[in-house]
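Content type mmCIF, C-alpha atoms, from the file input_20.cif:
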data_coords
loop_
_atom_site.label_atom_id
_atom_site.label_comp_id
_atom_site.auth_asym_id
_atom_site.auth_seq_id
_atom_site.Cartn_x
_atom_site.Cartn_y
_atom_site.Cartn_z
CA THR A 1 0.00 0.00 0.00
CA ASN A 2 0.99 3.63 -0.35
CA ALA A 3 1.16 4.04 3.43
CA SER A 4 3.51 1.09 3.86
CA SER A 5 5.77 2.26 1.05
CA VAL A 6 5.96 5.70 2.61
CA ALA A 7 6.71 4.08 5.95
CA ARG A 8 9.58 2.05 4.47
CA SER A 9 11.01 5.10 2.75
CA ARG A 10 10.99 6.94 6.06
CA THR A 11 12.88 4.41 8.17
CA THR A 12 15.62 6.93 8.78
CA MET A 13 13.04 9.55 9.67
CA ALA A 14 11.57 7.18 12.23
CA THR A 15 14.83 7.11 14.10
CA HIS A 16 15.02 10.88 13.83
CA THR A 17 11.66 11.13 15.54
CA VAL A 18 13.15 9.63 18.63
CA VAL A 19 15.48 12.62 18.74
CA GLY A 20 12.84 14.76 17.04
CA VAL A 21 11.13 14.40 13.70
CA GLN A 22 11.46 18.15 13.53
CA ALA A 23 15.23 17.81 13.19
CA SER A 24 14.95 15.48 10.22
CA LEU A 25 12.48 17.78 8.44
CA ALA A 26 14.40 21.00 9.08
CA PRO A 27 16.30 22.63 6.20
CA ARG A 28 19.16 20.32 5.39
CA ARG A 29 22.44 21.99 5.92
CA SER A 30 25.29 19.50 6.00
CA ARG A 31 24.56 16.78 8.53
CA VAL A 32 28.28 16.17 8.96
CA ALA A 33 29.37 19.80 9.09
CA PRO A 34 31.27 21.28 12.04
CA GLU A 35 27.91 22.45 13.41
CA PHE A 36 27.64 19.17 15.27
CA THR A 37 30.83 17.20 14.91
CA ARG A 38 33.13 20.11 15.63
CA ARG A 39 35.53 18.58 13.09
CA GLY A 40 37.58 21.47 11.81
CA GLY A 41 35.79 23.88 14.12
CA ALA A 42 37.24 26.27 16.61
CA PRO A 43 39.01 24.73 19.60
CA ARG A 44 36.91 24.10 22.65
CA VAL A 45 37.22 27.00 25.05
CA ARG A 46 36.97 26.50 28.77
CA SER A 47 35.32 29.48 30.42
CA ALA A 48 37.24 31.10 33.23
CA SER A 49 34.03 31.90 35.07
CA ALA A 50 32.66 29.54 37.65
CA ARG A 51 30.31 26.90 36.25
CA LEU A 52 27.69 25.08 38.24
CA THR A 53 28.15 21.31 38.16
CA VAL A 54 25.71 18.80 39.61
CA ARG A 55 27.30 15.85 41.32
CA ALA A 56 25.37 13.02 42.89
CA ALA A 57 25.99 9.47 43.97
CA LYS A 58 23.31 7.25 42.50
CA GLY A 59 25.22 5.45 39.77
CA ASP A 60 27.38 5.80 36.72
CA VAL A 61 27.28 9.00 34.71
CA LEU A 62 24.76 8.91 31.85
CA LEU A 63 24.89 12.45 30.52
CA GLU A 64 27.74 14.86 31.14
CA VAL A 65 27.70 18.37 29.69
CA LYS A 66 30.56 20.79 30.27
CA ASP A 67 30.63 24.50 29.36
CA LEU A 68 28.29 23.97 26.42
CA SER A 69 27.78 26.99 24.17
CA ALA A 70 25.66 27.12 21.02
CA LYS A 71 24.16 29.58 18.58
CA VAL A 72 21.39 29.67 15.99
CA ALA A 73 23.06 28.43 12.81
CA GLU A 74 21.36 30.87 10.44
CA THR A 75 21.51 34.08 12.45
CA GLY A 76 24.53 33.50 14.68
CA GLU A 77 22.54 34.49 17.77
CA GLU A 78 24.16 32.98 20.85
CA ILE A 79 21.67 31.06 22.99
CA LEU A 80 23.68 28.77 25.27
CA ARG A 81 26.51 30.41 27.18
CA GLY A 82 28.29 27.71 29.14
CA VAL A 83 25.87 25.04 30.40
CA THR A 84 27.31 22.42 32.72
CA LEU A 85 25.22 19.50 33.94
CA THR A 86 25.82 15.92 35.05
CA ILE A 87 23.06 13.31 35.26
CA LYS A 88 23.76 9.88 36.72
CA GLU A 89 21.87 6.61 36.49
CA GLY A 90 18.62 6.66 38.42
CA GLU A 91 18.48 10.45 38.71
CA THR A 92 15.66 12.79 37.75
CA HIS A 93 16.53 16.42 37.03
CA ALA A 94 14.31 19.35 36.13
CA ILE A 95 15.22 22.62 34.43
CA MET A 96 13.01 25.66 34.91
CA GLY A 97 13.36 29.14 33.48
CA LYS A 98 11.63 31.97 31.70
CA ASN A 99 10.72 31.74 28.04
CA GLY A 100 13.81 32.41 25.96
CA SER A 101 16.25 31.32 28.64
CA GLY A 102 17.63 28.48 26.48
CA LYS A 103 15.90 25.43 27.92
CA SER A 104 14.52 24.00 24.69
CA THR A 105 17.63 24.98 22.74
CA PHE A 106 19.68 22.97 25.23
CA THR A 107 17.60 19.85 24.62
CA LYS A 108 17.72 20.24 20.84
CA VAL A 109 21.47 20.73 20.78
CA LEU A 110 21.90 17.51 22.77
CA VAL A 111 19.99 15.47 20.21
CA GLY A 112 21.49 17.12 17.12
CA HIS A 113 18.91 19.55 15.78
CA PRO A 114 20.35 21.12 12.60
CA SER A 115 19.16 24.63 13.46
CA TYR A 116 21.87 25.05 16.09
CA GLU A 117 25.65 25.15 15.94
CA VAL A 118 27.83 24.09 18.85
CA THR A 119 30.49 26.73 19.51
CA GLY A 120 32.14 25.43 22.65
CA GLY A 121 32.13 22.79 25.36
CA THR A 122 31.48 19.05 25.35
CA ALA A 123 28.60 16.62 25.83
CA THR A 124 28.94 12.88 26.39
CA PHE A 125 26.32 10.17 26.75
CA ARG A 126 27.52 7.01 28.47
CA GLY A 127 31.05 8.10 27.66
CA GLN A 128 30.41 8.71 23.95
CA ASP A 129 30.96 12.13 22.39
CA LEU A 130 27.48 13.24 21.31
CA PHE A 131 28.84 15.73 18.81
CA GLU A 132 30.62 12.96 16.91
CA MET A 133 27.30 11.11 16.48
CA GLU A 134 24.50 11.63 13.97
CA PRO A 135 21.03 12.33 15.47
CA GLU A 136 19.80 8.82 14.70
CA GLU A 137 22.93 7.32 16.27
CA ARG A 138 22.18 9.20 19.47
CA ALA A 139 18.65 7.78 19.44
CA ARG A 140 19.83 4.23 18.84
CA ALA A 141 22.31 4.63 21.69
CA GLY A 142 19.44 5.37 24.08
CA LEU A 143 18.92 9.16 24.13
CA PHE A 144 15.30 10.23 23.73
CA LEU A 145 13.71 13.67 23.36
CA SER A 146 10.00 14.38 23.60
CA PHE A 147 9.10 17.65 21.91
CA GLN A 148 6.76 20.41 23.03
CA SER A 149 4.81 20.30 19.76
CA PRO A 150 5.02 16.88 18.06
CA ILE A 151 4.41 17.12 14.34
CA GLU A 152 2.04 15.08 12.22
CA VAL A 153 3.41 12.48 9.78
CA PRO A 154 0.72 11.83 7.14
CA GLY A 155 0.76 8.48 5.38
CA VAL A 156 2.56 6.57 8.13
CA SER A 157 0.52 4.54 10.59
CA ASN A 158 1.38 4.72 14.25
CA THR A 159 1.91 0.95 14.38
CA ASP A 160 4.40 0.90 11.50
CA PHE A 161 6.19 3.93 12.89
CA LEU A 162 6.52 2.53 16.41
CA ARG A 163 7.66 -0.87 15.17
CA MET A 164 10.37 0.68 12.97
CA MET A 165 11.60 2.70 15.93
CA CYS A 166 11.55 -0.33 18.18
CA ASN A 167 13.45 -2.50 15.70
CA GLU A 168 16.08 0.18 15.03
CA ARG A 169 16.77 0.24 18.76
CA ARG A 170 16.79 -3.55 19.03
CA LYS A 171 19.25 -3.86 16.14
CA ALA A 172 21.55 -1.37 17.85
CA ARG A 173 21.49 -3.56 20.97
CA GLY A 174 22.12 -6.74 18.99
CA GLU A 175 18.61 -8.07 19.56
CA PRO A 176 16.36 -9.71 16.94
CA GLU A 177 13.71 -7.59 15.27
CA LEU A 178 10.06 -8.12 16.15
CA ASP A 179 7.57 -9.12 13.47
CA PRO A 180 4.13 -7.45 13.53
CA LEU A 181 2.54 -10.08 15.76
CA GLU A 182 5.43 -10.11 18.21
CA PHE A 183 5.44 -6.34 18.30
CA TYR A 184 1.73 -6.19 19.11
CA GLY A 185 2.36 -8.46 22.09
CA PHE A 186 5.23 -6.20 23.14
CA LEU A 187 3.14 -3.04 22.72
CA THR A 188 -0.16 -4.03 24.32
CA PRO A 189 0.92 -3.77 27.99
CA LYS A 190 2.54 -0.42 27.26
CA LEU A 191 -0.75 0.90 25.89
CA GLU A 192 -2.50 -0.23 29.04
CA GLN A 193 0.17 1.37 31.18
CA LEU A 194 -0.34 4.71 29.44
CA ASN A 195 -4.14 4.39 29.42
CA MET A 196 -4.06 4.88 25.64
CA ASP A 197 -6.82 3.75 23.30
CA PRO A 198 -5.48 0.96 21.01
CA SER A 199 -7.44 2.52 18.12
CA PHE A 200 -4.71 5.19 17.98
CA LEU A 201 -2.38 2.59 16.48
CA ALA A 202 -4.36 2.47 13.23
CA ARG A 203 -4.22 6.24 12.79
CA ASN A 204 -1.42 8.12 11.08
CA VAL A 205 1.30 9.47 13.36
CA ASN A 206 -0.20 12.35 15.38
CA GLU A 207 -2.62 13.17 12.54
CA GLY A 208 -5.81 14.60 14.02
CA PHE A 209 -4.56 13.95 17.55
CA SER A 210 -5.48 16.36 20.32
CA GLY A 211 -2.69 18.00 22.30
CA GLY A 212 -3.07 15.45 25.07
CA GLU A 213 -3.10 12.53 22.63
CA LYS A 214 0.13 13.77 21.02
CA LYS A 215 1.83 13.94 24.42
CA ARG A 216 0.65 10.44 25.27
CA ASN A 217 1.98 9.27 21.92
CA GLU A 218 5.38 10.79 22.73
CA ILE A 219 5.51 8.85 25.98
CA LEU A 220 4.40 5.71 24.14
CA GLN A 221 7.40 6.20 21.84
CA LEU A 222 9.60 6.46 24.92
CA ALA A 223 8.12 3.25 26.28
CA VAL A 224 8.76 1.46 22.99
CA MET A 225 12.34 2.72 22.73
CA GLU A 226 13.20 1.83 26.35
CA SER A 227 15.80 4.60 26.28
CA GLU A 228 18.32 4.96 29.09
CA MET A 229 18.19 8.77 29.08
CA SER A 230 14.97 10.66 28.41
CA ILE A 231 14.48 14.39 27.95
CA LEU A 232 10.89 15.58 28.20
CA ASP A 233 10.43 19.14 26.96
CA GLU A 234 7.30 20.63 28.56
CA ILE A 235 5.47 17.33 28.44
CA ASP A 236 2.86 18.93 30.72
CA SER A 237 1.92 21.78 28.39
CA GLY A 238 -1.63 21.55 27.07
CA LEU A 239 -2.61 18.68 29.37
CA ASP A 240 -5.68 18.70 31.54
CA VAL A 241 -5.56 17.28 35.07
CA ASP A 242 -6.51 13.74 34.03
CA ALA A 243 -4.10 13.60 31.09
CA LEU A 244 -1.26 14.95 33.25
CA ARG A 245 -1.95 12.28 35.84
CA ASP A 246 -1.86 9.51 33.24
CA VAL A 247 1.30 10.79 31.55
CA ALA A 248 3.07 11.33 34.88
CA ALA A 249 2.15 7.85 36.08
CA ALA A 250 3.57 6.33 32.90
CA VAL A 251 6.76 8.37 33.15
CA ASN A 252 7.25 7.33 36.78
CA VAL A 253 7.10 3.68 35.75
CA LEU A 254 9.40 4.19 32.76
CA LYS A 255 12.09 5.96 34.79
CA GLU A 256 12.40 3.21 37.39
CA GLY A 257 15.76 1.55 37.90
CA ASP A 258 18.87 3.06 36.32
CA LYS A 259 17.08 5.30 33.81
CA GLY A 260 17.94 9.00 33.71
CA LEU A 261 15.31 11.69 33.21
CA LEU A 262 15.53 15.41 32.43
CA LEU A 263 12.32 17.45 32.63
CA ILE A 264 11.85 20.90 31.12
CA THR A 265 8.91 22.68 32.69
CA HIS A 266 7.47 25.98 33.87
CA TYR A 267 5.18 24.52 36.51
CA GLN A 268 5.45 22.88 39.89
CA ARG A 269 2.41 20.71 39.14
CA LEU A 270 4.56 18.42 36.98
CA LEU A 271 7.19 18.15 39.72
CA ASP A 272 4.47 17.28 42.23
CA ALA A 273 3.72 14.24 40.08
CA ILE A 274 7.27 13.32 38.94
CA HIS A 275 9.58 14.03 41.85
CA PRO A 276 13.00 15.32 40.76
CA ASP A 277 16.24 14.80 42.67
CA PHE A 278 17.54 18.15 41.45
CA VAL A 279 15.94 21.33 40.14
CA HIS A 280 17.99 23.79 38.07
CA VAL A 281 17.17 27.34 37.06
CA MET A 282 18.34 28.51 33.64
CA GLN A 283 18.75 32.17 32.78
CA LYS A 284 20.30 33.68 29.65
CA GLY A 285 21.70 30.38 28.47
CA LYS A 286 23.27 29.27 31.76
CA ILE A 287 22.28 27.19 34.75
CA VAL A 288 22.47 29.75 37.53
CA GLN A 289 21.00 27.89 40.49
CA THR A 290 20.60 24.27 41.55
CA GLY A 291 18.81 22.75 44.50
CA ASP A 292 15.95 20.49 45.47
CA VAL A 293 12.25 20.78 44.67
CA SER A 294 11.93 23.71 47.07
CA ILE A 295 13.25 25.89 44.23
CA ALA A 296 10.13 25.08 42.24
CA GLN A 297 7.99 25.96 45.24
CA LYS A 298 9.68 29.37 45.52
CA LEU A 299 9.10 30.01 41.83
CA GLU A 300 5.45 29.04 42.15
CA GLU A 301 4.95 31.42 45.06
CA GLY A 302 7.03 34.43 44.06
CA GLY A 303 8.35 34.03 40.53
CA PHE A 304 11.98 34.34 39.54
CA GLU A 305 12.37 37.48 41.62
CA ALA A 306 11.92 35.30 44.71
CA LEU A 307 15.09 33.38 43.92
CA ALA A 308 17.14 36.55 43.81
CA ALA A 309 15.86 37.65 47.21
#
Represent the structure from my file as structure tokens, please.
Amino acid sequence: TNASSVARSRTTMATHTVVGVQASLAPRRSRVAPEFTRRGGAPRVRSASARLTVRAAKGDVLLEVKDLSAKVAETGEEILRGVTLTIKEGETHAIMGKNGSGKSTFTKVLVGHPSYEVTGGTATFRGQDLFEMEPEERARAGLFLSFQSPIEVPGVSNTDFLRMMCNERRKARGEPELDPLEFYGFLTPKLEQLNMDPSFLARNVNEGFSGGEKKRNEILQLAVMESEMSILDEIDSGLDVDALRDVAAAVNVLKEGDKGLLLITHYQRLLDAIHPDFVHVMQKGKIVQTGDVSIAQKLEEGGFEALAA
């Protein structure tokens, strides 16, 4: 059928969706240019100013970012100005900040969005240099990003899309691919866990989905990928109370064990449902404050001015 042929032709795009379908559909500058690989780029510069580093003792380091700087590739506008963050196995972190502070840019740079150019610093995932990896390689390695506004993919059924993603990940781990029947058996309990209507599987990816349905679908992709490190960018935006409860419950199950989780949010209500070990505040492209969930409570009560008091 036309849908299946489109699905086969978009196998690469399926893996990009794990790190953001938006990245794969963005204007294609060179995917192997110094924007991401830093090959031939300027030497990494260590800032002389103090950088805030998170250190904890739960497990091995999953994600380690040091003095990361980045700009918009087309305009040259600097967005990130020296972000340093360490996330270990089993940890949940949250980043809060005003609009335009660099939160979403940070997540997109980590997964290889082509709209941004790395200008300094390093980022490693399980010891591997992220900027030497293509976006789909980062996804196969176990790095997942859920976007604020998931796009629609006409002509590709949710089932085909999810199975391609699942099998790309399984191949990367040296595991056998699942045929359609095996995959359905693998997927069914995950649908129940997320309280998601199985009829969604027959629909095209995100096509005609409500905001809440798209967010559930993002978490379903995370469940299928079984990624070790998940970044959820404002997963709570546009969700009503019931949908937030369902999504948060699913995320809490998925992050059990040694999984790492990074939440981007404006609201304490998400952190009431998914309890972070650390909360960071980002301003003007830097992490300027780190603490426990009490930071979120201060923001809820008095805004960002309360943190400066």
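Each of A:Lys286, A:His266, A:Lys298, A:Lys255 was checked against Thr92 of chain A using all atoms listed in the file; the smallest atom-to-atom distance is that of A:Lys255.
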| Result set, the PyMOL selection byres ((chain A and resi 307) around 10) on current file, as JSON, numbers by chain | {"A": [281, 289, 295, 296, 298, 299, 302, 303, 304, 305, 306, 308, 309]}
Which centre and edge lengths in Å to one decimal define the box along x, y and z that fits every listed atom of segment 111-118 of chain A plus 5 Å per side, as AutoDock Vina command-line options?
--center_x 23.4 --center_y 20.3 --center_z 16.4 --size_x 18.9 --size_y 19.7 --size_z 17.6
| field | Spatial neighbours of Lys88 of chain A, max dist 12 Å, all atoms listed in the file, sep filter under 5 positions, as number ranges by chain | value | A: 54-65, 93, 124-127, 228-229, 257-262, 277-278
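Here atom CA of Glu89 of chain A is placed at a distance of 10.1 Å from atom CA of Glu256 of chain A.
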| query | For Tyr116 of chain A, which residue out of A:Thr75, A:Ser210, A:Gln221, A:Asn252 is the nearest one, using all atoms listed in the file? | reply | A:Thr75
| field | Near-Met282 of chain A list (8 Å; only C-alpha atoms; drop same-chain fewer than 6 positions) as a ChimeraX atom specification | value | /A:95-98,101-103,288-289
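Pairwise distance (atom CA of Arg170 of chain A, atom CA of Met225 of chain A) equals 8.5 Å.
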| How many Å separate atom CA of Glu177 of chain A from atom CA of Val224 of chain A? | 12.9 Å
| Selection result for the PyMOL selection byres ((chain A and resi 188) around 12) on this file, as a PyMOL selection string | chain A and resi 159+181-187+189-199+201+220+223-224
Limited to C-alpha atoms, could you put the picked residues into a file as a CSV table (one decimal), in the frame of the given file?
chain,number,residue,atom,x,y,z
A,159,THR,CA,1.9,1.0,14.4
A,181,LEU,CA,2.5,-10.1,15.8
A,182,GLU,CA,5.4,-10.1,18.2
A,183,PHE,CA,5.4,-6.3,18.3
A,184,TYR,CA,1.7,-6.2,19.1
A,185,GLY,CA,2.4,-8.5,22.1
A,186,PHE,CA,5.2,-6.2,23.1
A,187,LEU,CA,3.1,-3.0,22.7
A,189,PRO,CA,0.9,-3.8,28.0
A,190,LYS,CA,2.5,-0.4,27.3
A,191,LEU,CA,-0.8,0.9,25.9
A,192,GLU,CA,-2.5,-0.2,29.0
A,193,GLN,CA,0.2,1.4,31.2
A,194,LEU,CA,-0.3,4.7,29.4
A,195,ASN,CA,-4.1,4.4,29.4
A,196,MET,CA,-4.1,4.9,25.6
A,197,ASP,CA,-6.8,3.8,23.3
A,198,PRO,CA,-5.5,1.0,21.0
A,199,SER,CA,-7.4,2.5,18.1
A,201,LEU,CA,-2.4,2.6,16.5
A,220,LEU,CA,4.4,5.7,24.1
A,223,ALA,CA,8.1,3.2,26.3
A,224,VAL,CA,8.8,1.5,23.0
